[in-house]
$ cat query_23.txt   # compact mmCIF, C-alpha atoms
# COMPACT_ATOMS: atom_id res chain seq x y z
CA MET F 24 1.96 -77.78 -87.06
CA PRO F 25 0.25 -75.94 -84.21
CA LEU F 26 -3.22 -74.64 -84.97
CA PRO F 27 -3.88 -71.89 -82.40
CA PHE F 28 -7.40 -71.25 -83.67
CA LEU F 29 -8.39 -74.88 -83.03
CA THR F 30 -7.77 -75.01 -79.31
CA ALA F 31 -8.82 -72.58 -76.67
CA ASP F 32 -6.21 -71.22 -74.35
CA ARG F 33 -5.34 -73.74 -71.67
CA ALA F 34 -5.35 -70.97 -69.09
CA PHE F 35 -9.17 -70.94 -69.09
CA ASP F 36 -9.15 -74.54 -67.91
CA GLU F 37 -6.18 -74.28 -65.59
CA ALA F 38 -6.86 -70.87 -64.05
CA ALA F 39 -7.73 -70.57 -60.42
CA GLU F 40 -11.31 -69.64 -59.71
CA ASP F 41 -10.31 -66.35 -58.11
CA VAL F 42 -8.59 -65.13 -61.29
CA ALA F 43 -11.20 -64.03 -63.81
CA LEU F 44 -8.93 -63.05 -66.70
CA PRO F 45 -5.71 -65.10 -66.41
CA PHE F 46 -3.83 -63.57 -69.36
CA ASP F 47 -0.85 -61.29 -69.61
CA ASP F 48 -1.44 -60.31 -73.24
CA ARG F 49 -5.07 -59.25 -73.32
CA ASP F 50 -4.80 -57.50 -76.69
CA ARG F 51 -4.61 -60.85 -78.49
CA TRP F 52 -7.92 -62.26 -79.79
CA ARG F 53 -8.91 -65.44 -77.93
CA ARG F 54 -11.78 -67.89 -78.09
CA PRO F 55 -12.68 -68.68 -74.45
CA TYR F 56 -13.81 -72.23 -75.26
CA ARG F 57 -12.85 -75.21 -77.39
CA PRO F 58 -14.70 -75.89 -80.62
CA GLY F 59 -17.35 -78.56 -80.20
CA PRO F 60 -17.16 -82.10 -81.53
CA ALA F 61 -19.80 -81.42 -84.20
CA ARG F 62 -17.78 -78.54 -85.64
CA VAL F 63 -14.48 -80.45 -85.49
CA GLY F 64 -16.09 -83.56 -87.00
CA ALA F 65 -17.58 -81.61 -89.89
CA ALA F 66 -14.24 -79.95 -90.60
CA ALA F 67 -12.51 -83.33 -90.47
CA LEU F 68 -14.96 -84.76 -93.00
CA VAL F 69 -14.39 -81.82 -95.33
CA LEU F 70 -10.62 -82.28 -95.02
CA LEU F 71 -10.99 -86.00 -95.72
CA LEU F 72 -13.00 -85.21 -98.84
CA SER F 73 -10.39 -82.68 -99.95
CA SER F 74 -7.63 -85.29 -99.57
CA TYR F 75 -9.50 -87.59 -101.96
CA VAL F 76 -9.92 -84.74 -104.41
CA LEU F 77 -6.18 -83.97 -104.19
CA VAL F 78 -5.33 -87.63 -104.93
CA ALA F 79 -7.72 -87.50 -107.87
CA ALA F 80 -6.00 -84.33 -109.10
CA VAL F 81 -2.63 -86.09 -109.04
CA ILE F 82 -4.01 -89.07 -110.95
CA ILE F 83 -5.66 -86.80 -113.51
CA GLY F 84 -2.44 -84.78 -113.83
CA VAL F 85 -0.37 -87.92 -114.44
CA ALA F 86 -2.91 -89.03 -117.06
CA GLY F 87 -2.11 -85.87 -118.95
CA THR F 88 -5.09 -83.54 -118.55
CA VAL F 89 -3.53 -80.57 -116.81
CA PRO F 90 -6.57 -78.21 -116.89
CA ALA F 91 -8.77 -80.86 -115.24
CA ALA F 92 -6.06 -81.51 -112.62
CA ALA F 93 -5.84 -77.77 -111.93
CA ALA F 94 -9.62 -77.60 -111.51
CA CYS F 95 -9.51 -80.50 -109.01
CA MET F 96 -6.68 -78.85 -107.08
CA ALA F 97 -8.61 -75.57 -106.96
CA GLY F 98 -11.67 -77.41 -105.66
CA ALA F 99 -9.58 -79.09 -102.97
CA ALA F 100 -8.06 -75.74 -101.97
CA VAL F 101 -11.54 -74.24 -101.60
CA ALA F 102 -12.60 -77.21 -99.44
CA ILE F 103 -9.54 -76.81 -97.21
CA LEU F 104 -10.22 -73.08 -96.79
CA CYS F 105 -13.86 -73.84 -95.91
CA ALA F 106 -12.77 -76.36 -93.27
CA LEU F 107 -10.37 -73.84 -91.72
CA ARG F 108 -13.06 -71.14 -91.68
CA LEU F 109 -15.48 -73.60 -90.10
CA LEU F 110 -12.99 -74.20 -87.29
CA ARG F 111 -12.43 -70.46 -86.81
CA MET F 112 -16.13 -69.66 -86.34
CA GLY F 113 -17.28 -68.57 -82.89
CA VAL F 114 -16.91 -65.78 -80.35
CA TRP F 115 -13.51 -64.21 -79.74
CA VAL F 116 -12.61 -61.69 -77.03
CA SER F 117 -9.75 -59.29 -76.39
CA ALA F 118 -9.16 -55.97 -74.67
CA ARG F 119 -10.36 -54.27 -77.85
CA GLY F 120 -13.82 -55.84 -77.96
CA LEU F 121 -16.00 -58.79 -78.77
CA ARG F 122 -15.76 -60.50 -82.16
CA ARG F 123 -18.39 -62.84 -83.63
CA VAL F 124 -16.83 -64.84 -86.46
CA GLY F 125 -19.31 -66.40 -88.86
CA PHE F 126 -18.64 -68.43 -91.99
CA PHE F 127 -18.96 -65.43 -94.34
CA VAL F 128 -19.07 -62.38 -92.03
CA THR F 129 -17.08 -61.24 -89.00
CA ASN F 130 -18.52 -58.56 -86.71
CA THR F 131 -16.42 -56.77 -84.11
CA THR F 132 -18.03 -54.72 -81.35
CA PRO F 133 -15.79 -52.49 -79.21
CA TRP F 134 -16.38 -52.77 -75.47
CA SER F 135 -17.51 -49.13 -75.41
CA GLN F 136 -20.57 -50.10 -77.49
CA VAL F 137 -21.50 -53.09 -75.28
CA ALA F 138 -24.22 -52.39 -72.74
CA ALA F 139 -24.46 -55.97 -71.44
CA VAL F 140 -23.70 -59.58 -72.24
CA ARG F 141 -26.13 -61.96 -70.58
CA THR F 142 -27.54 -65.45 -70.77
CA VAL F 143 -31.25 -65.73 -71.54
CA GLN F 144 -33.70 -68.59 -71.97
CA GLN F 145 -35.25 -68.38 -75.44
CA PRO F 146 -35.98 -70.39 -78.58
CA VAL F 147 -32.67 -71.02 -80.36
CA ARG F 148 -31.78 -72.51 -83.72
CA TRP F 149 -30.67 -76.14 -83.71
CA LEU F 150 -27.24 -76.29 -85.42
CA GLY F 151 -28.05 -73.05 -87.24
CA LEU F 152 -30.97 -74.62 -89.13
CA PRO F 153 -34.42 -73.00 -89.30
CA ARG F 154 -35.79 -75.44 -86.70
CA THR F 155 -35.90 -73.86 -83.23
CA VAL F 156 -35.83 -75.52 -79.83
CA GLN F 157 -35.97 -74.14 -76.32
CA GLY F 158 -32.50 -73.40 -75.00
CA GLN F 159 -30.15 -70.81 -73.60
CA ALA F 160 -28.40 -68.10 -75.56
CA LEU F 161 -25.66 -65.64 -74.74
CA VAL F 162 -26.87 -62.34 -76.16
CA LEU F 163 -25.12 -59.04 -76.73
CA VAL F 164 -26.99 -55.88 -75.77
CA ARG F 165 -25.51 -52.85 -77.52
CA ALA F 166 -25.34 -49.44 -75.89
CA GLU F 167 -27.02 -47.81 -78.86
CA ARG F 168 -30.08 -49.44 -80.32
CA ALA F 169 -29.15 -50.40 -83.84
CA PRO F 170 -31.90 -51.27 -86.30
CA GLY F 171 -32.19 -55.00 -86.78
CA GLU F 172 -31.77 -57.85 -84.39
CA VAL F 173 -28.35 -59.04 -83.24
CA PRO F 174 -28.06 -62.84 -83.44
CA PRO F 175 -27.04 -64.66 -80.25
CA LEU F 176 -23.33 -65.00 -79.63
CA LEU F 177 -23.55 -68.57 -78.33
CA THR F 178 -26.41 -71.03 -77.89
CA THR F 179 -26.77 -74.38 -76.17
CA HIS F 180 -27.73 -75.95 -79.50
CA ASN F 181 -25.03 -74.66 -81.86
CA ALA F 182 -22.18 -76.79 -83.23
CA ASP F 183 -19.91 -75.97 -80.29
CA PHE F 184 -22.24 -76.74 -77.39
CA LEU F 185 -24.76 -79.34 -78.59
CA ALA F 186 -25.19 -81.77 -75.64
CA ARG F 187 -22.45 -79.91 -73.69
CA ALA F 188 -24.34 -77.76 -71.17
CA GLU F 189 -21.37 -77.37 -68.80
CA ALA F 190 -19.13 -76.17 -71.63
CA PHE F 191 -21.77 -73.59 -72.60
CA ASP F 192 -21.99 -72.35 -69.02
CA ARG F 193 -18.19 -72.00 -68.75
CA ALA F 194 -17.92 -70.21 -72.10
CA ALA F 195 -20.82 -67.87 -71.34
CA ASP F 196 -19.34 -67.05 -67.93
CA ALA F 197 -15.94 -66.34 -69.48
CA VAL F 198 -17.40 -63.97 -72.09
CA GLU F 199 -19.50 -62.24 -69.42
CA VAL F 200 -16.39 -61.75 -67.24
CA TRP F 201 -14.52 -60.19 -70.16
CA ALA F 202 -17.50 -57.90 -70.82
CA ASP F 203 -17.78 -56.87 -67.16
CA GLU F 204 -14.06 -56.17 -66.94
CA TYR F 205 -13.75 -54.04 -70.08
CA ARG F 206 -17.07 -52.18 -70.00
CA ARG F 207 -15.82 -50.44 -66.84
CA HIS F 208 -12.83 -48.89 -68.65
$ encode --input "query_23.txt" --output "structure tokens"
Amino acid sequence: MPLPFLTADRAFDEAAEDVALPFDDRDRWRRPYRPGPARVGAAALVLLLSSYVLVAAVIIGVAGTVPAAAACMAGAAVAILCALRLLRMGVWVSARGLRRVGFFVTNTTPWSQVAAVRTVQQPVRWLGLPRTVQGQALVLVRAERAPGEVPPLLTTHNADFLARAEAFDRAADAVEVWADEYRRH
């Protein structure tokens, strides 16, 4: 079964350097990078755990306690949905705007509201935990100053780019190219 949200479009890797946006259908939401090994590994562990819970649900169901089996199956379904959401997290771009998908919240910013997308050196959270380290972040600067701080779109120390500096640079460049292209329109 193909999982289009798991892999980035191959055209980002195979595109010639002179072509900035190598897509025909730019209205489709795309993640311009592959999910990192930490994110994929965590999702795989959650899916492994859910498979054990599903086997336990079958055994409990055969033993004759249907409500307990239903509770186990519901728990496994929640774990599977969490793993899929974990894989879907990240920054997505299209001709309509920039979308930051978090675990619980998704924020979409139209290109008309984007003043700039740039890479800055700043303290960033390590794997989203409260601990901060010095790193790079791709930040979104909105055209109108909204109250409250906008979290970075990508960092060198999040689950997608931990110990993958070149991948961060490619992803940040791709998002910046999309922003430069569509802010002009």
$ closest_atom_pairs --input "query_23.txt" --of "range 105-125 of chain F" --to "range 150-170 of chain F" --cutoff "12 Å" --atoms "all atoms listed in the file" --output "tab-separated table"
residue	atom	partner	partner_atom	distance
F:Val114	CA	F:Leu161	CA	10.4
F:Gly120	CA	F:Leu163	CA	11.8
F:Leu121	CA	F:Leu163	CA	9.3
F:Arg122	CA	F:Leu163	CA	10.9
F:Arg123	CA	F:Leu163	CA	10.4
F:Gly125	CA	F:Gly151	CA	11.1
$ atom_distance --input "query_23.txt" --atom1 "CA of Ala67 in chain F" --atom2 "CA of His180 in chain F"
20.2 Å
$ closest_residue --input "query_23.txt" --among "F:Gly113, F:Pro174, F:Gly98, F:Pro146" --to "Arg54 in chain F" --atoms "all atoms listed in the file"
F:Gly113
$ atom_distance --input "query_23.txt" --atom1 "CA of Ala79 in chain F" --atom2 "CA of Leu110 in chain F"
25.1 Å
$ closest_residue --input "query_23.txt" --among "F:Val63, F:Ala80, F:Val147, F:Met96" --to "Arg108 in chain F" --atoms "only C-alpha atoms"
F:Val63
$ residues_near_point --input "query_23.txt" --point "(-20.4, -54.6, -72.9)" --cutoff "10 Å" --atoms "all atoms listed in the file" --output "count of residues only"
26
$ residues_around --input "query_23.txt" --residues "Leu107 in chain F" --least-positions-apart "4" --cutoff "8 Å" --atoms "only C-alpha atoms" --output "PDB file with C-alpha atoms, in the frame of the given file"
ATOM      1  CA  ALA F  66     -14.240 -79.950 -90.600  1.00  0.00           C
ATOM      2  CA  ILE F 103      -9.540 -76.810 -97.210  1.00  0.00           C
ATOM      3  CA  ARG F 111     -12.430 -70.460 -86.810  1.00  0.00           C
TER       4      ARG F 111
END
